[in-house]
Structure formats: structure tokens, C-alpha cells
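Here's the structure, in C-alpha cells; my notes come after.
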Amino acid sequence: MDNASYTTLTRQSGLQREMQTVANNLANLATTGFRKEGVIFAEHVKALGRDDPSLSMATASVANTDLRQGSLSQTNGTFDFAIEGEGFFMVETADGNRLTRAGAFTPNGEGDLVTHDGNRLLDAGGAPIFVPAGVADLQVSADGTLSADGQPLSQIGLFQPENPFDLRRENGVRFEFTGEVTPVENPTILQGFVEDSNVNPVGEVARMIEVQRAYEQGQGFLEKEDERIRAVIRALG
Amino acid sequence: MRALQIAATGMAAQQMRVETISNNLANMNTTGYNARRAEFADLHYQQQTRAGTINAADGTIVPTGVQLGLGVRPSSVTVELSQGSLGATGGDLDLAIEGLGYIEVTLPSGQSAFTRDGGLKRSADGLIVTSDGYPVVPEITIPSDARSISINAEGETYAYFNDRVEPELLGQLSIAGFSNSKGLEAIGSNLFLESAASGAPTVSTPGENGLGTLRQGYLENSSVDAVREITELIEAQRGYELNAKVLTAADQMLGATTQIR
């Protein structure tokens, strides 16, 4: 194959990856705390022979996570918390601490607040949050202070990575972080709400159509290129 | 093409949401029923280019890499523990729990089960039982000549007789609470079993330990909010359609690929 076909192929495979992220975003339309992901195409320049010009190709080399706030849904659940503004909850997993915006928690059999996967929610000091049994009235104030029957228990920790690019996506709506995390200065937590997925369906469908058409266009180009080469071979006999 | 499988996981998730909603709507008039809500989490991420790897061409560090998500999975179907409205029935043995506790009953197997359905009845031998005939714990027997029964907020059960002015204390009902009521295992017929996730029951007098009080003559209605369920149903249906659209688009892309030449 010639260079033109190779260049088109890099774009086609990048478009397939982009289609995959669109599919994943739409699949997670109803996932609490889900952050939409996208693909960024970059030029990939390949040096050819000494006297030839270099070849420019396209690679989907970067995935970005859209950290914009999702809409809030009222659930009235005592242990449903939504973060308004910046920050993440810190949860403890077998592989280390993780960040998440999915704020639907529940006490486990021992009374620790856990996620649906059973990972414990940590307070501002990094200790698990314990809710004693038999508490009639559990309130969370906007700054994350948890009080049981009027007595303060602990404070839910909200953390922010110093560099948002240090986040790596993980299953269970969690993010692994590599750099430093700092406590959020003025946290706002709403009790009885959860944050929805921040996927915008209209935007995703528009992107899906765009990707599909670009892909078909690429295929059309490949076909024409194939015909051209065939014609050359025929002419040369 | 992965997009096909991813869209399929999305469709399966929305379908599960519709199933949960239809069960809620089916139980709109079930005494003491609490609405369930399907919750989802994203699936594994395929790390195509790891974040933090060194770019071979010029030695810089890739800041984010390429992580491609592989879809969605159901993470739980949680019970929304909100109190349903109370409906007055006037029944002597109709009890509503105001609070988060449960009434303990004994199954024929001897095992304990827990219920919020306080529509209690009287068995042939005078025992207080549930609609299905399971005796309430602690067992209370109502004498056959009792004119009426009065149960106060703390569960003290009195019987009144035609031939006496003074009521007779028959016993005291208790209430059970769990550190995680959402972790109870539902077995149908408004009954729940203790599980490893719920923790052991704490049994106490109604009104103590924040477990709620009893209210005679009332039944707790289902906490299903029809308007909210319908809104969710529309959302789930549209979500399903969007994922189906992805399936079609991905299929057409695949079709275009196979038609080259």
C-alpha cells in the first residue's frame, strides 16, 4: 500500500477508538458520578527517507476526562451525598486509595460507610467513617460534617488532585491518582442528592454521527485510492 | 469493533432499570414496600497508552494516555429507605412503624424474618400473626373473650373485656433495627432475612435507639412515587434507544469496512 492509504488507516483506527468512547459515554448515561471521556487526535509525523518529505499521520493519542459538574438528582437518601463544585470523595480499596464523585453510600454490617462495591469512604483525616447503629437523625452539613442526633461524628473528606491529568480511570467510577492530592478548601456537600453522569446525550449523538460520517468518508477515500492504483496497473499493462 | 459490545452493555443496563421500575410500579399498593433503584458503575478500562509512559519519539512523558472504557455494569439495586405515607384503616391489629425498624416474625422453618408490613391478624388460637400466618416475635396471645385490643406507641398491648373496666397487659411488641437495612435479603411477601451485609438485628422497645414507634390503626403505604417512576421510565427508554443508535452506527461503520474494494 502507498502512503496515502496508510495515513487514512491511522485516521480510521483513531475514529474507531473515538466511536468506542462515544459508546462508553452513552452506556454510562445513568451511571452516578460518571465523567465523560473523549479522544484527542494528534498529528504523528513519521520521517521517511533522507530526500523524501516526512509523512504526517493522525493518532488518537490522548484521552481526556471531562470533569464538569453533572446535574444533581434528589434521592432523599440519608447516605446519598453530592459534591457541588470541585473535589472528590476518597475511598479505600484493596489496591490503595481512590477518588470518586459517585456519592451513593451505605453503611455496611459493621457500620462503616461504603460504596456499592464495598469500599470504605474516608474522612478528612483519611480514616473510615463509622456510623453507630440506632441513630435516628443523621445530618450532613454543607462542609461535610456528619452529625448523629446533633452530635458531630466526623467530617467527610473532599480532595482535589493538584494536577487533573494525574487521574487514571478505573472501573467502579473511580480514579487512581499518581500525584499529590490536597483537601478542598470550601467543600460543598449536599445530603439526599447524587450527582448524575455528566454525559450530554445530544452532544454524544452529534459526535457519533460525525465519527460515523468521517469513517465512511475515509472508506470512500480508500476505495478511490484502490481504484486509482488498479487503473495505474491496468494502464501499465 | 468494541463499540458494538459497549452499546450492548448500555442497553442491558437500561433494560435492568426498566425492570426495577416496573417492579416498583407493580408494588405501588403493597403495604410497607420501599422503592428500589438500579445503580450502575463503569466497567474496566483498556489502557491503550498508559499515562505516564515516555513518548518514544522525543522523550516527553505522556500526561494522560489513552484509556478506553468498556461499558457499564449494574452495581446495585438499592432500597430507598424512605417512610411511606400512613393510611388510616382503623384496624385493631394494623400497625405502622414510624421510623426505620422492622417487626420480627418466625418462619415455619424456625428462622427469623423481618417485615414492615404491619397488617397483622389473629390466628385461630389467638396468636398475633402476619397475613401469611407467621407469628410475631415476641409471641402475644389474645384471649378469645377480649372485646378490643389497644397497642400504644411503645408496643404495649392491652386487651379490654366486656366484664371488666381494667385492661389486661398481654405483652410488649419489640422492633428490630439493622446497621445496614439496605443489606437485608428480600425474600418476597414483604419479608426480609438478615444477611452478612445487614449485620445482626438490634431488638429494642419501640421508641428507643431511634428505631421508630408503632401506630395502631394505620398501615404504611408503599413509598413508590408514581410520577418519579414514570420520569425514570422515560429516561431509561430514551437511554435504551440512544444505545441502540450507537449499535446501528457502529454496525454501519463495520459494514463500510467490509465493503472496501
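Just so we're on the same page: first chain in the C-alpha cells is A, next is B, and so on; residues restart at 1 for each chain, and ligands are numbered from 1 in the order they show up.
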
Define the interface residues of chain A facing chain B as those within 6 Å, counting only C-alpha atoms, and report them as a VMD selection string. chain A and resid 20 23 to 24 27 to 28 31 62 to 63 107 to 109 111 133 to 136 165 171 to 173 223

Pick out the residues sitting within 9 Å of A:Pro128, and hand them over as a compact mmCIF listing (two decimals) with N, CA and C atoms, in the first residue's frame; count only C-alpha atoms, and ignore anything fewer than 4 positions along from it in its own chain.
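As a result, around-v4.txt now contains:
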```
# COMPACT_ATOMS: atom_id res chain seq x y z
N VAL A 91 -11.99 7.04 48.64
CA VAL A 91 -12.41 5.73 49.13
C VAL A 91 -11.22 4.80 49.20
N GLU A 92 -11.33 3.85 50.12
CA GLU A 92 -10.23 2.91 50.34
C GLU A 92 -10.53 1.62 49.57
N ASP A 112 -19.55 0.89 58.93
CA ASP A 112 -18.71 1.83 58.15
C ASP A 112 -19.46 2.22 56.89
N LEU A 113 -19.31 3.48 56.49
CA LEU A 113 -19.94 3.93 55.24
C LEU A 113 -19.13 3.39 54.07
N VAL A 114 -19.79 2.70 53.13
CA VAL A 114 -19.09 2.11 52.00
C VAL A 114 -19.79 2.43 50.68
N ARG A 120 -14.58 1.51 51.60
CA ARG A 120 -14.93 2.44 52.67
C ARG A 120 -14.64 3.89 52.31
N LEU A 121 -15.57 4.75 52.69
CA LEU A 121 -15.42 6.20 52.49
C LEU A 121 -14.52 6.73 53.60
N LEU A 122 -13.60 7.65 53.24
CA LEU A 122 -12.65 8.16 54.23
C LEU A 122 -13.00 9.59 54.62
N ASP A 123 -12.63 9.94 55.86
CA ASP A 123 -12.91 11.30 56.32
C ASP A 123 -11.73 12.21 55.97
```

Excluding B:Gly171 and any residue of its chain fewer than 2 positions from it, enumerate the residues within 10 Å of it, using only C-alpha atoms, and give them as a list in words.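 Surrounding residues, per the criterion: Pro138, Glu139, Ile140, Thr141, Ile142, Ile151, Gly155, Glu156, Thr157, Tyr158, Ala159, Glu168, Leu169, Leu173 and Ser174 of chain B.
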
Residue contacts of B:Ile21 (9 Å, only C-alpha atoms) excluding same-chain residues fewer than 5 positions away, as a list in words: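 Skipping anything fewer than 5 positions along the chain leaves Met16, Ala26, Ala35, Arg36, Arg37, Ala38, Glu229, Ile230, Glu232 and Leu233 of chain B.
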
Could the residues in this selection be saved with C-alpha atoms as a tab-separated table (two decimals), in the first residue's frame?
```tsv
chain	number	residue	atom	x	y	z
B	16	MET	CA	-32.47	-3.60	34.07
B	26	ALA	CA	-46.28	-3.23	40.29
B	35	ALA	CA	-38.94	1.67	46.06
B	36	ARG	CA	-35.79	0.07	44.59
B	37	ARG	CA	-33.34	1.95	42.43
B	38	ALA	CA	-30.87	0.39	39.98
B	229	GLU	CA	-41.08	6.32	38.39
B	230	ILE	CA	-42.63	7.45	35.11
B	232	GLU	CA	-37.28	7.49	35.26
B	233	LEU	CA	-39.06	5.14	32.87
```

I'd like the neighbourhood of A:His44 as a list in words, where a residue qualifies if any of its atoms comes within 8 Å (using only C-alpha atoms), though same-chain residues fewer than 6 positions away should be ignored. Ser56, Met57, Ala58 and Thr59 of chain A
